[in-house]
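Here is the file coords-v4.txt (compact mmCIF, C-alpha atoms (C1' of nucleotides)).
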# COMPACT_ATOMS: atom_id res chain seq x y z
CA MET G 1 4.75 15.84 -49.05
CA ASP G 2 4.48 12.17 -48.38
CA LEU G 3 5.78 12.62 -44.89
CA MET G 4 2.26 13.62 -44.04
CA SER G 5 0.35 11.17 -46.18
CA ARG G 6 1.98 8.05 -44.82
CA GLN G 7 -0.84 6.05 -43.24
CA MET G 8 -3.60 8.46 -42.70
CA ALA G 9 -7.28 7.95 -43.23
CA ARG G 10 -7.89 11.69 -43.49
CA PRO G 11 -4.77 13.43 -44.63
CA GLY G 12 -4.63 17.15 -44.37
CA GLY G 13 -5.42 17.98 -40.76
CA ARG G 14 -2.78 19.46 -38.56
CA SER G 15 -3.20 16.80 -35.90
CA ALA G 16 -2.65 14.17 -38.53
CA ARG G 17 0.54 15.81 -39.68
CA VAL G 18 1.78 16.07 -36.13
CA GLN G 19 1.03 12.43 -35.42
CA ALA G 20 2.83 11.32 -38.56
CA ALA G 21 5.83 13.51 -37.82
CA VAL G 22 6.03 12.27 -34.24
CA HIS G 23 5.75 8.61 -35.20
CA GLU G 24 8.39 9.04 -37.83
CA ALA G 25 10.66 10.82 -35.39
CA VAL G 26 10.31 7.92 -32.95
CA ARG G 27 11.22 5.40 -35.62
CA GLU G 28 14.20 7.38 -36.81
CA LEU G 29 15.54 8.08 -33.36
CA GLY G 30 14.97 4.51 -32.27
CA ALA G 31 17.13 3.40 -35.15
CA GLU G 32 19.78 6.07 -34.62
CA VAL G 33 20.36 6.22 -30.90
CA GLY G 34 18.61 3.09 -29.66
CA ARG G 35 15.18 2.69 -28.19
CA ASP G 36 16.30 3.21 -24.59
CA ALA G 37 17.92 6.55 -25.32
CA VAL G 38 14.82 8.06 -26.90
CA THR G 39 13.24 10.83 -24.85
CA VAL G 40 10.16 12.95 -25.34
CA PRO G 41 12.05 16.23 -25.79
CA MET G 42 14.26 14.52 -28.36
CA VAL G 43 11.29 13.25 -30.34
CA ALA G 44 9.62 16.63 -30.11
CA GLN G 45 12.60 18.43 -31.53
CA ARG G 46 13.00 15.98 -34.38
CA ALA G 47 9.32 16.14 -35.21
CA GLY G 48 9.29 19.91 -35.03
CA VAL G 49 6.74 20.10 -32.23
CA THR G 50 6.91 21.06 -28.59
CA PRO G 51 7.18 18.45 -25.84
CA SER G 52 3.91 19.55 -24.31
CA THR G 53 2.09 18.55 -27.47
CA ILE G 54 3.36 15.01 -27.09
CA TYR G 55 2.62 14.85 -23.39
CA ARG G 56 -0.88 16.09 -23.94
CA ARG G 57 -1.67 13.73 -26.77
CA TRP G 58 0.04 10.56 -25.61
CA GLY G 59 0.43 11.09 -21.89
CA ASP G 60 3.93 9.70 -21.66
CA LEU G 61 6.78 8.19 -23.62
CA GLN G 62 5.63 4.65 -23.00
CA ALA G 63 2.23 5.16 -24.55
CA LEU G 64 3.85 6.73 -27.58
CA LEU G 65 6.32 3.88 -27.97
CA SER G 66 3.46 1.43 -27.58
CA ASP G 67 1.61 3.15 -30.41
CA VAL G 68 4.59 3.04 -32.72
CA ALA G 69 5.36 -0.56 -31.78
CA VAL G 70 1.91 -1.81 -32.75
CA GLU G 71 2.23 -0.01 -36.05
CA ARG G 72 5.49 -1.82 -36.74
CA LEU G 73 4.15 -5.18 -35.67
CA ARG G 74 1.40 -5.03 -38.26
CA PRO G 75 2.20 -7.53 -41.01
CA ASP G 76 2.64 -5.74 -44.31
CA THR G 77 1.83 -8.63 -46.62
CA GLU G 78 -0.47 -11.63 -46.74
CA PRO G 79 1.15 -14.99 -46.02
CA LYS G 80 2.50 -16.53 -49.22
CA ASP G 81 0.68 -19.43 -50.83
CA HIS G 82 2.82 -22.57 -51.03
CA GLY G 83 0.07 -24.86 -52.19
CA ALA G 84 -0.42 -26.79 -48.94
CA LEU G 85 -1.52 -25.95 -45.42
CA SER G 86 1.50 -27.52 -43.78
CA ALA G 87 3.89 -25.53 -45.94
CA ASP G 88 1.97 -22.28 -45.50
CA LEU G 89 1.75 -22.61 -41.74
CA THR G 90 5.33 -23.72 -41.35
CA VAL G 91 6.69 -20.83 -43.35
CA TRP G 92 4.44 -18.40 -41.53
CA ALA G 93 5.53 -19.69 -38.11
CA GLU G 94 9.19 -19.53 -39.04
CA GLN G 95 8.83 -15.99 -40.27
CA PHE G 96 6.79 -14.98 -37.22
CA LEU G 97 9.46 -16.36 -34.94
CA ASP G 98 12.16 -14.69 -36.95
CA GLU G 99 10.60 -11.26 -36.72
CA MET G 100 9.43 -11.50 -33.14
CA ALA G 101 12.43 -13.16 -31.54
CA SER G 102 14.96 -10.63 -32.77
CA PRO G 103 16.08 -8.09 -30.20
CA ALA G 104 14.15 -5.42 -32.09
CA GLY G 105 11.07 -7.61 -32.26
CA ARG G 106 11.17 -8.38 -28.56
CA ALA G 107 11.56 -4.68 -27.80
CA TYR G 108 8.50 -3.88 -29.91
CA ILE G 109 6.45 -6.56 -28.21
CA ARG G 110 7.43 -5.27 -24.81
CA ASP G 111 6.62 -1.72 -25.82
CA ALA G 112 3.27 -2.82 -27.13
CA LEU G 113 2.49 -4.61 -23.88
CA LEU G 114 3.61 -1.63 -21.93
CA GLY G 115 1.97 1.75 -21.67
CA ASP G 116 -1.19 -0.08 -22.47
CA PRO G 117 -3.30 -0.24 -19.34
CA ASP G 118 -6.42 -1.51 -21.08
CA GLY G 119 -4.59 -4.03 -23.20
CA SER G 120 -5.92 -2.67 -26.45
CA ASN G 121 -2.56 -2.31 -28.13
CA ALA G 122 -1.45 -5.79 -27.15
CA GLY G 123 -4.82 -7.10 -28.22
CA GLN G 124 -4.22 -5.60 -31.65
CA CYS G 125 -1.05 -7.66 -32.03
CA SER G 126 -3.01 -10.79 -31.33
CA VAL G 127 -5.59 -9.76 -33.90
CA TYR G 128 -2.87 -9.36 -36.52
CA ALA G 129 -1.62 -12.89 -35.92
CA ALA G 130 -5.15 -14.27 -35.95
CA GLU G 131 -5.87 -12.57 -39.26
CA GLN G 132 -2.79 -14.00 -40.88
CA ILE G 133 -3.61 -17.48 -39.66
CA ASP G 134 -7.16 -17.08 -40.80
CA VAL G 135 -5.98 -16.34 -44.32
CA VAL G 136 -3.85 -19.46 -44.34
CA LEU G 137 -6.62 -21.67 -42.98
CA ALA G 138 -9.26 -20.26 -45.31
CA ARG G 139 -7.01 -20.97 -48.25
CA ALA G 140 -6.52 -24.55 -47.05
CA LYS G 141 -10.25 -25.04 -46.69
CA GLY G 142 -10.64 -23.76 -50.24
CA ARG G 143 -8.35 -26.56 -51.33
CA GLY G 144 -10.45 -29.07 -49.47
CA GLU G 145 -7.91 -29.65 -46.72
CA SER G 146 -9.20 -30.23 -43.21
CA THR G 147 -7.90 -27.59 -40.84
CA PRO G 148 -7.71 -26.91 -37.13
CA ALA G 149 -9.57 -23.89 -35.74
CA VAL G 150 -7.81 -20.54 -35.61
CA GLU G 151 -8.01 -20.68 -31.83
CA THR G 152 -6.27 -24.02 -31.83
CA VAL G 153 -3.41 -22.70 -33.92
CA ILE G 154 -3.07 -19.74 -31.60
CA ASP G 155 -3.02 -21.98 -28.53
CA ARG G 156 -0.67 -24.53 -29.98
CA VAL G 157 1.69 -22.48 -32.15
CA VAL G 158 1.52 -18.76 -31.49
CA ALA G 159 1.23 -18.95 -27.71
CA PRO G 160 4.18 -21.32 -27.18
CA LEU G 161 6.33 -19.26 -29.51
CA MET G 162 5.41 -16.03 -27.78
CA TYR G 163 5.86 -17.54 -24.33
CA ARG G 164 9.36 -18.62 -25.16
CA ILE G 165 10.21 -15.34 -26.86
CA LEU G 166 9.18 -13.39 -23.79
CA PHE G 167 10.11 -15.69 -20.93
CA ARG G 168 12.82 -17.98 -22.23
CA PRO G 169 14.79 -16.27 -24.96
CA ASP G 170 17.24 -19.17 -25.01
CA GLY G 171 16.57 -22.44 -26.68
CA ILE G 172 14.13 -21.31 -29.30
CA ASP G 173 14.74 -21.93 -32.98
CA ALA G 174 13.09 -22.63 -36.31
CA ALA G 175 13.02 -26.37 -35.62
CA TYR G 176 10.87 -25.76 -32.57
CA ALA G 177 8.46 -23.66 -34.62
CA ARG G 178 8.24 -26.40 -37.24
CA ARG G 179 7.59 -29.02 -34.58
CA LEU G 180 4.71 -27.01 -33.16
CA VAL G 181 3.13 -26.75 -36.59
CA THR G 182 3.57 -30.46 -37.28
CA GLU G 183 1.97 -31.32 -33.97
CA VAL G 184 -1.05 -29.11 -34.38
CA LEU G 185 -1.67 -30.44 -37.87
CA GLY G 186 -1.17 -34.02 -36.71
CA THR G 187 -4.11 -33.53 -34.37
CA THR G 188 -6.65 -32.83 -37.09
CA GLY G 189 -4.98 -34.45 -40.05
CA MET R 1 17.40 -16.46 2.23
CA ASP R 2 17.40 -15.49 -1.35
CA LEU R 3 15.74 -12.16 -0.80
CA MET R 4 19.04 -10.85 0.39
CA SER R 5 21.45 -13.00 -1.54
CA ARG R 6 20.64 -11.68 -4.95
CA GLN R 7 23.60 -9.47 -5.73
CA MET R 8 24.88 -8.62 -2.35
CA ALA R 9 28.47 -8.21 -1.37
CA ARG R 10 27.60 -7.91 2.29
CA PRO R 11 24.69 -10.02 3.28
CA GLY R 12 23.12 -9.19 6.61
CA GLY R 13 24.61 -5.73 6.58
CA ARG R 14 23.39 -2.32 5.73
CA SER R 15 22.83 -3.12 2.06
CA ALA R 16 20.47 -5.88 3.03
CA ARG R 17 18.49 -3.60 5.29
CA VAL R 18 18.28 -0.98 2.57
CA GLN R 19 17.13 -3.51 0.01
CA ALA R 20 14.48 -4.86 2.33
CA ALA R 21 13.29 -1.37 3.26
CA VAL R 22 13.12 -0.31 -0.39
CA HIS R 23 11.26 -3.42 -1.47
CA GLU R 24 8.80 -3.01 1.35
CA ALA R 25 8.32 0.65 0.50
CA VAL R 26 7.53 -0.29 -3.10
CA ARG R 27 4.96 -2.85 -2.03
CA GLU R 28 3.32 -0.48 0.42
CA LEU R 29 3.18 2.44 -1.96
CA GLY R 30 1.99 0.24 -4.78
CA ALA R 31 -0.92 -0.78 -2.61
CA GLU R 32 -1.62 2.71 -1.33
CA VAL R 33 -1.36 5.01 -4.31
CA GLY R 34 -1.34 2.55 -7.18
CA ARG R 35 1.55 1.13 -9.08
CA ASP R 36 1.58 3.85 -11.73
CA ALA R 37 1.86 6.65 -9.20
CA VAL R 38 4.96 5.24 -7.52
CA THR R 39 8.09 7.28 -8.06
CA VAL R 40 11.66 6.79 -6.97
CA PRO R 41 11.74 9.83 -4.66
CA MET R 42 8.55 8.57 -3.03
CA VAL R 43 9.99 5.13 -2.44
CA ALA R 44 13.20 6.62 -1.15
CA GLN R 45 11.42 8.75 1.40
CA ARG R 46 9.25 5.88 2.61
CA ALA R 47 12.25 3.58 2.88
CA GLY R 48 14.32 6.22 4.65
CA VAL R 49 17.06 6.37 2.04
CA THR R 50 18.10 8.93 -0.53
CA PRO R 51 17.00 8.67 -4.16
CA SER R 52 20.57 8.39 -5.35
CA THR R 53 20.96 5.15 -3.45
CA ILE R 54 18.10 3.65 -5.40
CA TYR R 55 19.27 4.99 -8.72
CA ARG R 56 22.74 3.64 -8.14
CA ARG R 57 21.62 0.19 -7.08
CA TRP R 58 18.75 -0.41 -9.45
CA GLY R 59 19.37 2.07 -12.23
CA ASP R 60 15.77 3.14 -12.63
CA LEU R 61 12.27 2.66 -11.35
CA GLN R 62 11.50 -0.03 -13.84
CA ALA R 63 14.31 -2.30 -12.77
CA LEU R 64 13.25 -1.89 -9.16
CA LEU R 65 9.63 -2.69 -9.96
CA SER R 66 10.81 -5.67 -11.96
CA ASP R 67 12.75 -6.94 -8.94
CA VAL R 68 9.79 -6.59 -6.64
CA ALA R 69 7.46 -8.14 -9.19
CA VAL R 70 9.53 -11.32 -9.51
CA GLU R 71 9.60 -11.61 -5.74
CA ARG R 72 5.82 -11.44 -5.62
CA LEU R 73 5.38 -13.89 -8.48
CA ARG R 74 7.32 -16.57 -6.66
CA PRO R 75 4.92 -19.26 -5.45
CA ASP R 76 4.99 -19.49 -1.70
CA THR R 77 3.79 -23.06 -1.34
CA GLU R 78 4.10 -26.38 -3.12
CA PRO R 79 1.10 -27.43 -5.18
CA LYS R 80 -1.39 -29.37 -3.03
CA ASP R 81 -1.67 -33.12 -3.42
CA HIS R 82 -5.15 -34.20 -4.51
CA GLY R 83 -4.30 -37.80 -5.15
CA ALA R 84 -4.35 -37.72 -8.94
CA LEU R 85 -2.42 -35.95 -11.67
CA SER R 86 -5.49 -34.54 -13.37
CA ALA R 87 -6.78 -33.01 -10.15
CA ASP R 88 -3.37 -31.63 -9.18
CA LEU R 89 -2.77 -30.04 -12.56
CA THR R 90 -6.27 -28.68 -12.87
CA VAL R 91 -6.17 -27.02 -9.49
CA TRP R 92 -2.73 -25.67 -10.15
CA ALA R 93 -3.75 -24.22 -13.54
CA GLU R 94 -6.85 -22.61 -12.07
CA GLN R 95 -4.87 -21.04 -9.30
CA PHE R 96 -2.15 -19.90 -11.70
CA LEU R 97 -4.74 -18.24 -13.89
CA ASP R 98 -6.42 -16.69 -10.92
CA GLU R 99 -3.24 -15.10 -9.63
CA MET R 100 -1.85 -14.05 -12.96
CA ALA R 101 -4.96 -12.77 -14.67
CA SER R 102 -5.92 -10.29 -11.97
CA PRO R 103 -5.07 -6.68 -12.70
CA ALA R 104 -2.38 -6.86 -10.05
CA GLY R 105 -1.00 -10.08 -11.50
CA ARG R 106 -0.87 -8.67 -15.00
CA ALA R 107 0.89 -5.58 -13.72
CA TYR R 108 3.49 -7.76 -12.00
CA ILE R 109 4.05 -9.80 -15.12
CA ARG R 110 4.51 -6.68 -17.18
CA ASP R 111 6.89 -5.25 -14.64
CA ALA R 112 8.86 -8.47 -14.61
CA LEU R 113 9.11 -8.41 -18.41
CA LEU R 114 10.09 -4.83 -18.30
CA GLY R 115 13.27 -3.25 -17.04
CA ASP R 116 14.83 -6.56 -17.80
CA PRO R 117 17.03 -6.21 -20.83
CA ASP R 118 18.64 -9.63 -20.50
CA GLY R 119 15.37 -11.37 -19.74
CA SER R 120 16.64 -12.86 -16.50
CA ASN R 121 13.73 -11.70 -14.40
CA ALA R 122 11.15 -12.93 -16.85
CA GLY R 123 13.10 -16.17 -17.13
CA GLN R 124 12.83 -16.58 -13.40
CA CYS R 125 9.04 -16.49 -13.62
CA SER R 126 9.14 -19.30 -16.12
CA VAL R 127 11.42 -21.28 -13.84
CA TYR R 128 8.95 -20.91 -10.98
CA ALA R 129 6.14 -22.32 -13.09
CA ALA R 130 8.34 -25.16 -14.33
CA GLU R 131 9.31 -26.07 -10.77
CA GLN R 132 5.71 -26.22 -9.63
CA ILE R 133 4.75 -28.38 -12.57
CA ASP R 134 7.72 -30.60 -11.98
CA VAL R 135 6.58 -31.27 -8.43
CA VAL R 136 3.12 -32.23 -9.66
CA LEU R 137 4.48 -34.52 -12.38
CA ALA R 138 7.05 -36.17 -10.11
CA ARG R 139 4.32 -36.93 -7.62
CA ALA R 140 2.21 -38.48 -10.38
CA LYS R 141 5.11 -40.63 -11.52
CA GLY R 142 5.53 -41.76 -7.93
CA ARG R 143 1.93 -43.00 -8.06
CA GLY R 144 2.66 -44.88 -11.26
CA GLU R 145 0.69 -42.51 -13.49
CA SER R 146 2.03 -41.78 -16.94
CA THR R 147 2.76 -38.10 -17.41
CA PRO R 148 3.56 -35.65 -20.16
CA ALA R 149 6.93 -33.91 -20.12
CA VAL R 150 7.28 -30.64 -18.23
CA GLU R 151 7.97 -28.91 -21.53
CA THR R 152 4.76 -30.23 -22.95
CA VAL R 153 2.74 -28.88 -20.05
CA ILE R 154 4.41 -25.51 -20.45
CA ASP R 155 3.67 -25.43 -24.18
CA ARG R 156 0.11 -26.64 -23.87
CA VAL R 157 -1.09 -25.10 -20.62
CA VAL R 158 1.15 -22.34 -19.30
CA ALA R 159 1.91 -20.71 -22.64
CA PRO R 160 -1.71 -20.45 -23.83
CA LEU R 161 -2.80 -19.10 -20.45
CA MET R 162 -0.04 -16.53 -20.43
CA TYR R 163 -0.64 -15.55 -24.04
CA ARG R 164 -4.27 -14.83 -23.33
CA ILE R 165 -3.52 -13.03 -20.10
CA LEU R 166 -1.13 -10.70 -21.85
CA PHE R 167 -2.65 -10.31 -25.30
CA ARG R 168 -6.35 -11.09 -24.92
CA PRO R 169 -7.52 -10.28 -21.41
CA ASP R 170 -11.11 -10.93 -22.46
CA GLY R 171 -12.57 -14.36 -22.80
CA ILE R 172 -10.35 -16.24 -20.42
CA ASP R 173 -11.77 -18.20 -17.53
CA ALA R 174 -11.30 -21.24 -15.33
CA ALA R 175 -13.12 -23.46 -17.81
CA TYR R 176 -10.52 -22.64 -20.44
CA ALA R 177 -7.73 -23.56 -18.04
CA ARG R 178 -9.44 -26.85 -17.24
CA ARG R 179 -9.87 -27.62 -20.93
CA LEU R 180 -6.18 -27.07 -21.59
CA VAL R 181 -5.29 -29.49 -18.80
CA THR R 182 -7.74 -32.09 -20.04
CA GLU R 183 -6.33 -31.86 -23.53
CA VAL R 184 -2.71 -32.17 -22.56
CA LEU R 185 -3.47 -35.19 -20.38
CA GLY R 186 -5.57 -36.76 -23.10
CA THR R 187 -2.48 -36.77 -25.27
CA THR R 188 -0.45 -39.04 -23.01
CA GLY R 189 -3.18 -40.76 -21.11
C1' DG Y 1 38.55 -5.27 20.64
C1' DC Y 2 41.15 -1.70 17.22
C1' DG Y 3 41.97 0.56 13.41
C1' DC Y 4 42.19 -0.12 8.26
C1' DT Y 5 39.89 -0.73 3.88
C1' DA Y 6 36.49 -0.67 0.56
C1' DA Y 7 31.71 -0.96 -0.61
C1' DA Y 8 27.71 1.40 -0.12
C1' DA Y 9 24.84 5.40 1.45
C1' DG Y 10 24.31 10.38 2.07
C1' DC Y 11 24.45 14.98 0.39
C1' DA Y 12 24.03 18.79 -2.70
C1' DA Y 13 24.34 20.90 -6.91
C1' DC Y 14 23.11 20.21 -11.38
C1' DA Y 15 20.79 18.51 -15.69
C1' DT Y 16 16.95 16.76 -17.68
C1' DG Y 17 12.27 15.63 -18.14
C1' DT Y 18 7.18 16.66 -17.02
C1' DT Y 19 3.22 19.51 -16.06
C1' DT Y 20 0.28 23.50 -16.57
C1' DG Y 21 -2.05 28.11 -17.45
C1' DC Y 22 -2.42 30.96 -20.92
C1' DT Y 23 -1.91 32.51 -25.82
C1' DT Y 24 -1.94 31.62 -30.66
C1' DT Y 25 -3.03 29.15 -34.79
C1' DA Y 26 -5.33 26.21 -38.05
C1' DG Y 27 -9.23 23.82 -39.57
C1' DT Y 28 -14.65 23.71 -39.73
C1' DG Y 29 -19.23 25.17 -40.47
C1' DG Y 30 -22.31 28.88 -40.79
C1' DC U 1 -15.48 35.76 -44.74
C1' DC U 2 -16.20 35.48 -39.95
C1' DA U 3 -16.87 33.10 -35.57
C1' DC U 4 -16.01 28.96 -33.11
C1' DT U 5 -13.44 25.03 -31.40
C1' DA U 6 -9.79 21.83 -30.95
C1' DA U 7 -5.17 21.40 -30.86
C1' DA U 8 -0.38 23.35 -30.74
C1' DG U 9 2.96 26.71 -29.00
C1' DC U 10 5.21 28.98 -25.25
C1' DA U 11 7.34 29.62 -20.92
C1' DA U 12 7.65 29.14 -16.20
C1' DA U 13 7.00 26.18 -12.22
C1' DC U 14 7.85 21.76 -10.78
C1' DA U 15 9.47 16.97 -10.33
C1' DT U 16 12.58 13.54 -11.51
C1' DG U 17 17.14 11.70 -12.67
C1' DT U 18 22.46 12.21 -12.45
C1' DT U 19 26.96 12.89 -10.54
C1' DG U 20 31.25 14.15 -7.82
C1' DC U 21 32.54 14.15 -3.47
C1' DT U 22 32.06 13.08 1.53
C1' DT U 23 30.70 10.15 5.28
C1' DT U 24 29.30 5.92 7.28
C1' DT U 25 29.82 1.07 8.31
C1' DA U 26 30.56 -3.91 7.77
C1' DG U 27 34.25 -7.11 7.22
C1' DC U 28 39.02 -8.24 8.13
C1' DG U 29 43.70 -8.79 9.81
C1' DC U 30 46.05 -7.84 13.66
Could I get this file's structure written as structure tokens?
Amino acid sequence: MDLMSRQMARPGGRSARVQAAVHEAVRELGAEVGRDAVTVPMVAQRAGVTPSTIYRRWGDLQALLSDVAVERLRPDTEPKDHGALSADLTVWAEQFLDEMASPAGRAYIRDALLGDPDGSNAGQCSVYAAEQIDVVLARAKGRGESTPAVETVIDRVVAPLMYRILFRPDGIDAAYARRLVTEVLGTTG
Amino acid sequence: MDLMSRQMARPGGRSARVQAAVHEAVRELGAEVGRDAVTVPMVAQRAGVTPSTIYRRWGDLQALLSDVAVERLRPDTEPKDHGALSADLTVWAEQFLDEMASPAGRAYIRDALLGDPDGSNAGQCSVYAAEQIDVVLARAKGRGESTPAVETVIDRVVAPLMYRILFRPDGIDAAYARRLVTEVLGTTG
DNA sequence: GCGCTAAAAGCAACATGTTTGCTTTAGTGG
DNA sequence: CCACTAAAGCAAACATGTTGCTTTTAGCGC
């Protein structure tokens, strides 16, 4: 059944099935009863496993939620090609803001940051963003456009957006995202 | 003082003593056994109150930790005056990075972001940073220096630092902080 | 000062969540 | 096909979180 073949490098093992079932249970329950009401015993029952299995594999609820959050924050498609760097970056930034600034998006980000002592899950989120930007910039270079460095875009666009999403939920909108993109492109041309 | 004026019907009374005792217990236990090992019953015992008091006032451990975290993230002194905007900002950014990027600092930031559904605690952190920057910029204006806007400094210095602290703990150092300051000042002069 | 009032803390019983030793099962390689 | 190992199940001990009711105490009018 495709319940068990969802995103697995090596389908077939029992552990793999359990992980898939547990992740799916978290997603379903999160949608049904709200993220804050999800408990380990609840997830276990839905996934058809015992709570101790979850505790032993993930340690606690937070680590599990962090896992699932990173999975959801992974972009599922490449950024669309609009024929020009400014258009590509602008659209990407607007969409990024849209997804991340929603209550659900903020909850995922917080979950990813949490239950993540070594920062590896949060780091993964940053990698996703960097990859997307890299695609956009590489495409622009292919067209002969001059582009800022990936790091510059992260510093000047992603970081300000994320800072405001996390620390100042008010007063953030698409116009702000567009302004950041315009400014970073203005720097290099 | 604002430690006891947060949401208190009876300042100076028993509630205030309880709050102070609980906060102190959290700080002590955090230092002694590590932040992750702190539990509500533990805090209650150390503070000489019953667990139900804590649950009723703060709701859960996370909200309590969030409270304490914001308290600790509040700067205790005004930024020092070094006679020039670039020096003031550079020193401030280095110190900010130093405090925030430490394991303890990161834990406080995460706690502040957490158990904070409405974002008010996290928002407070941002306000602290903005206030400090405002002092530095006002002083520079008083000397006749031209300065960037507070918002600009937040976008170009604070946000990138915070983004890296949270999402990419590796590869962040004082030199990076200094570069950010140099760049933002280069923009306006 | 003296009680009255109401907000907050204490208490205790209860519900829920977490941990752990041991047993059982499923996948792997001989 | 059998033995071996890693992971899951089970159940009981344990810790944490919740709640109704009682008691304390600060603030207030007298």
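Interatomic distance, CA of Leu85 in chain G to CA of Ala140 in chain G: 5.4 Å.
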Compile the contact shell of DT20 in chain Y as a list in words: residues with an atom at most 12 Å away, counting all atoms listed in the file, same-chain residues fewer than 6 positions apart removed. Ser52, Tyr55 and Arg56 of chain G; DC10, DA11, DA12, DA13 and DC14 of chain U
Do me a favour and pick out the residues of chain Y within 12 Å of chain G, using only C-alpha atoms (C1' of nucleotides), as a PDB file with C-alpha atoms (C1' of nucleotides), in the coordinates of the input.
ATOM      1  C1'  DT Y  16      16.950  16.760 -17.680  1.00  0.00           C
ATOM      2  C1'  DG Y  17      12.270  15.630 -18.140  1.00  0.00           C
ATOM      3  C1'  DT Y  18       7.180  16.660 -17.020  1.00  0.00           C
ATOM      4  C1'  DT Y  19       3.220  19.510 -16.060  1.00  0.00           C
ATOM      5  C1'  DT Y  20       0.280  23.500 -16.570  1.00  0.00           C
ATOM      6  C1'  DT Y  25      -3.030  29.150 -34.790  1.00  0.00           C
ATOM      7  C1'  DA Y  26      -5.330  26.210 -38.050  1.00  0.00           C
ATOM      8  C1'  DG Y  27      -9.230  23.820 -39.570  1.00  0.00           C
ATOM      9  C1'  DT Y  28     -14.650  23.710 -39.730  1.00  0.00           C
TER      10       DT Y  28
END
Distance criterion (all atoms listed in the file): nearest to Arg179 in chain G out of R:Gly34, R:Asp155, R:Tyr108, R:His23: R:Asp155
Output the contact residues of chain G with respect to chain U at a cut-off of 8 Å, based on all atoms listed in the file, as an MDAnalysis selection string. chainID G and resid 15 49:50 53
If the cut-off is 10 Å, can you tell me the residues of chain R near chain G, counting all atoms listed in the file? I'd like them as number ranges by chain. R: 36, 103, 106-107, 110-115, 117-127, 152, 154-170, 180, 187
If you keep C-alpha atoms, can you produce a file of those selected residues as an mmCIF file, keeping the file's coordinate frame?
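That gives us part33.cif:
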data_model
loop_
_atom_site.group_PDB
_atom_site.id
_atom_site.type_symbol
_atom_site.label_atom_id
_atom_site.label_comp_id
_atom_site.auth_asym_id
_atom_site.auth_seq_id
_atom_site.Cartn_x
_atom_site.Cartn_y
_atom_site.Cartn_z
ATOM 1 C CA ASP R 36 1.580 3.850 -11.730
ATOM 2 C CA PRO R 103 -5.070 -6.680 -12.700
ATOM 3 C CA ARG R 106 -0.870 -8.670 -15.000
ATOM 4 C CA ALA R 107 0.890 -5.580 -13.720
ATOM 5 C CA ARG R 110 4.510 -6.680 -17.180
ATOM 6 C CA ASP R 111 6.890 -5.250 -14.640
ATOM 7 C CA ALA R 112 8.860 -8.470 -14.610
ATOM 8 C CA LEU R 113 9.110 -8.410 -18.410
ATOM 9 C CA LEU R 114 10.090 -4.830 -18.300
ATOM 10 C CA GLY R 115 13.270 -3.250 -17.040
ATOM 11 C CA PRO R 117 17.030 -6.210 -20.830
ATOM 12 C CA ASP R 118 18.640 -9.630 -20.500
ATOM 13 C CA GLY R 119 15.370 -11.370 -19.740
ATOM 14 C CA SER R 120 16.640 -12.860 -16.500
ATOM 15 C CA ASN R 121 13.730 -11.700 -14.400
ATOM 16 C CA ALA R 122 11.150 -12.930 -16.850
ATOM 17 C CA GLY R 123 13.100 -16.170 -17.130
ATOM 18 C CA GLN R 124 12.830 -16.580 -13.400
ATOM 19 C CA CYS R 125 9.040 -16.490 -13.620
ATOM 20 C CA SER R 126 9.140 -19.300 -16.120
ATOM 21 C CA VAL R 127 11.420 -21.280 -13.840
ATOM 22 C CA THR R 152 4.760 -30.230 -22.950
ATOM 23 C CA ILE R 154 4.410 -25.510 -20.450
ATOM 24 C CA ASP R 155 3.670 -25.430 -24.180
ATOM 25 C CA ARG R 156 0.110 -26.640 -23.870
ATOM 26 C CA VAL R 157 -1.090 -25.100 -20.620
ATOM 27 C CA VAL R 158 1.150 -22.340 -19.300
ATOM 28 C CA ALA R 159 1.910 -20.710 -22.640
ATOM 29 C CA PRO R 160 -1.710 -20.450 -23.830
ATOM 30 C CA LEU R 161 -2.800 -19.100 -20.450
ATOM 31 C CA MET R 162 -0.040 -16.530 -20.430
ATOM 32 C CA TYR R 163 -0.640 -15.550 -24.040
ATOM 33 C CA ARG R 164 -4.270 -14.830 -23.330
ATOM 34 C CA ILE R 165 -3.520 -13.030 -20.100
ATOM 35 C CA LEU R 166 -1.130 -10.700 -21.850
ATOM 36 C CA PHE R 167 -2.650 -10.310 -25.300
ATOM 37 C CA ARG R 168 -6.350 -11.090 -24.920
ATOM 38 C CA PRO R 169 -7.520 -10.280 -21.410
ATOM 39 C CA ASP R 170 -11.110 -10.930 -22.460
ATOM 40 C CA LEU R 180 -6.180 -27.070 -21.590
ATOM 41 C CA THR R 187 -2.480 -36.770 -25.270
#
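Interatomic distance, CA of Val153 in chain G to CA of Ala104 in chain G: 24.7 Å.
CA of Gly59 in chain G is found 18.1 Å from CA of Arg35 in chain G.
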Write out as lines of an AutoDock Vina configuration file an axis-aligned box for range 150-153 of chain R: all of its atoms listed in the file, 6 Å added on each side, centre and edge lengths in Å with one decimal.
center_x = 5.4
center_y = -29.8
center_z = -20.6
size_x = 17.2
size_y = 13.8
size_z = 16.7
Surrounding residues of Gly186 in chain G excluding itself and chain neighbours under 5 positions, 10 Å, only C-alpha atoms (C1' of nucleotides), as an MDAnalysis selection string: chainID G and resid 86 148 180:181
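For these identical-sequence chains, chain G and chain R, a least-squares overlay on all C-alpha positions gives an RMSD of 2.7 Å.
Using only C-alpha atoms (C1' of nucleotides) for every distance, the candidate list Y:DG29, Y:DT24, Y:DG3, Y:DA9 yields Y:DA9 as the residue closest to Arg17 in chain R.
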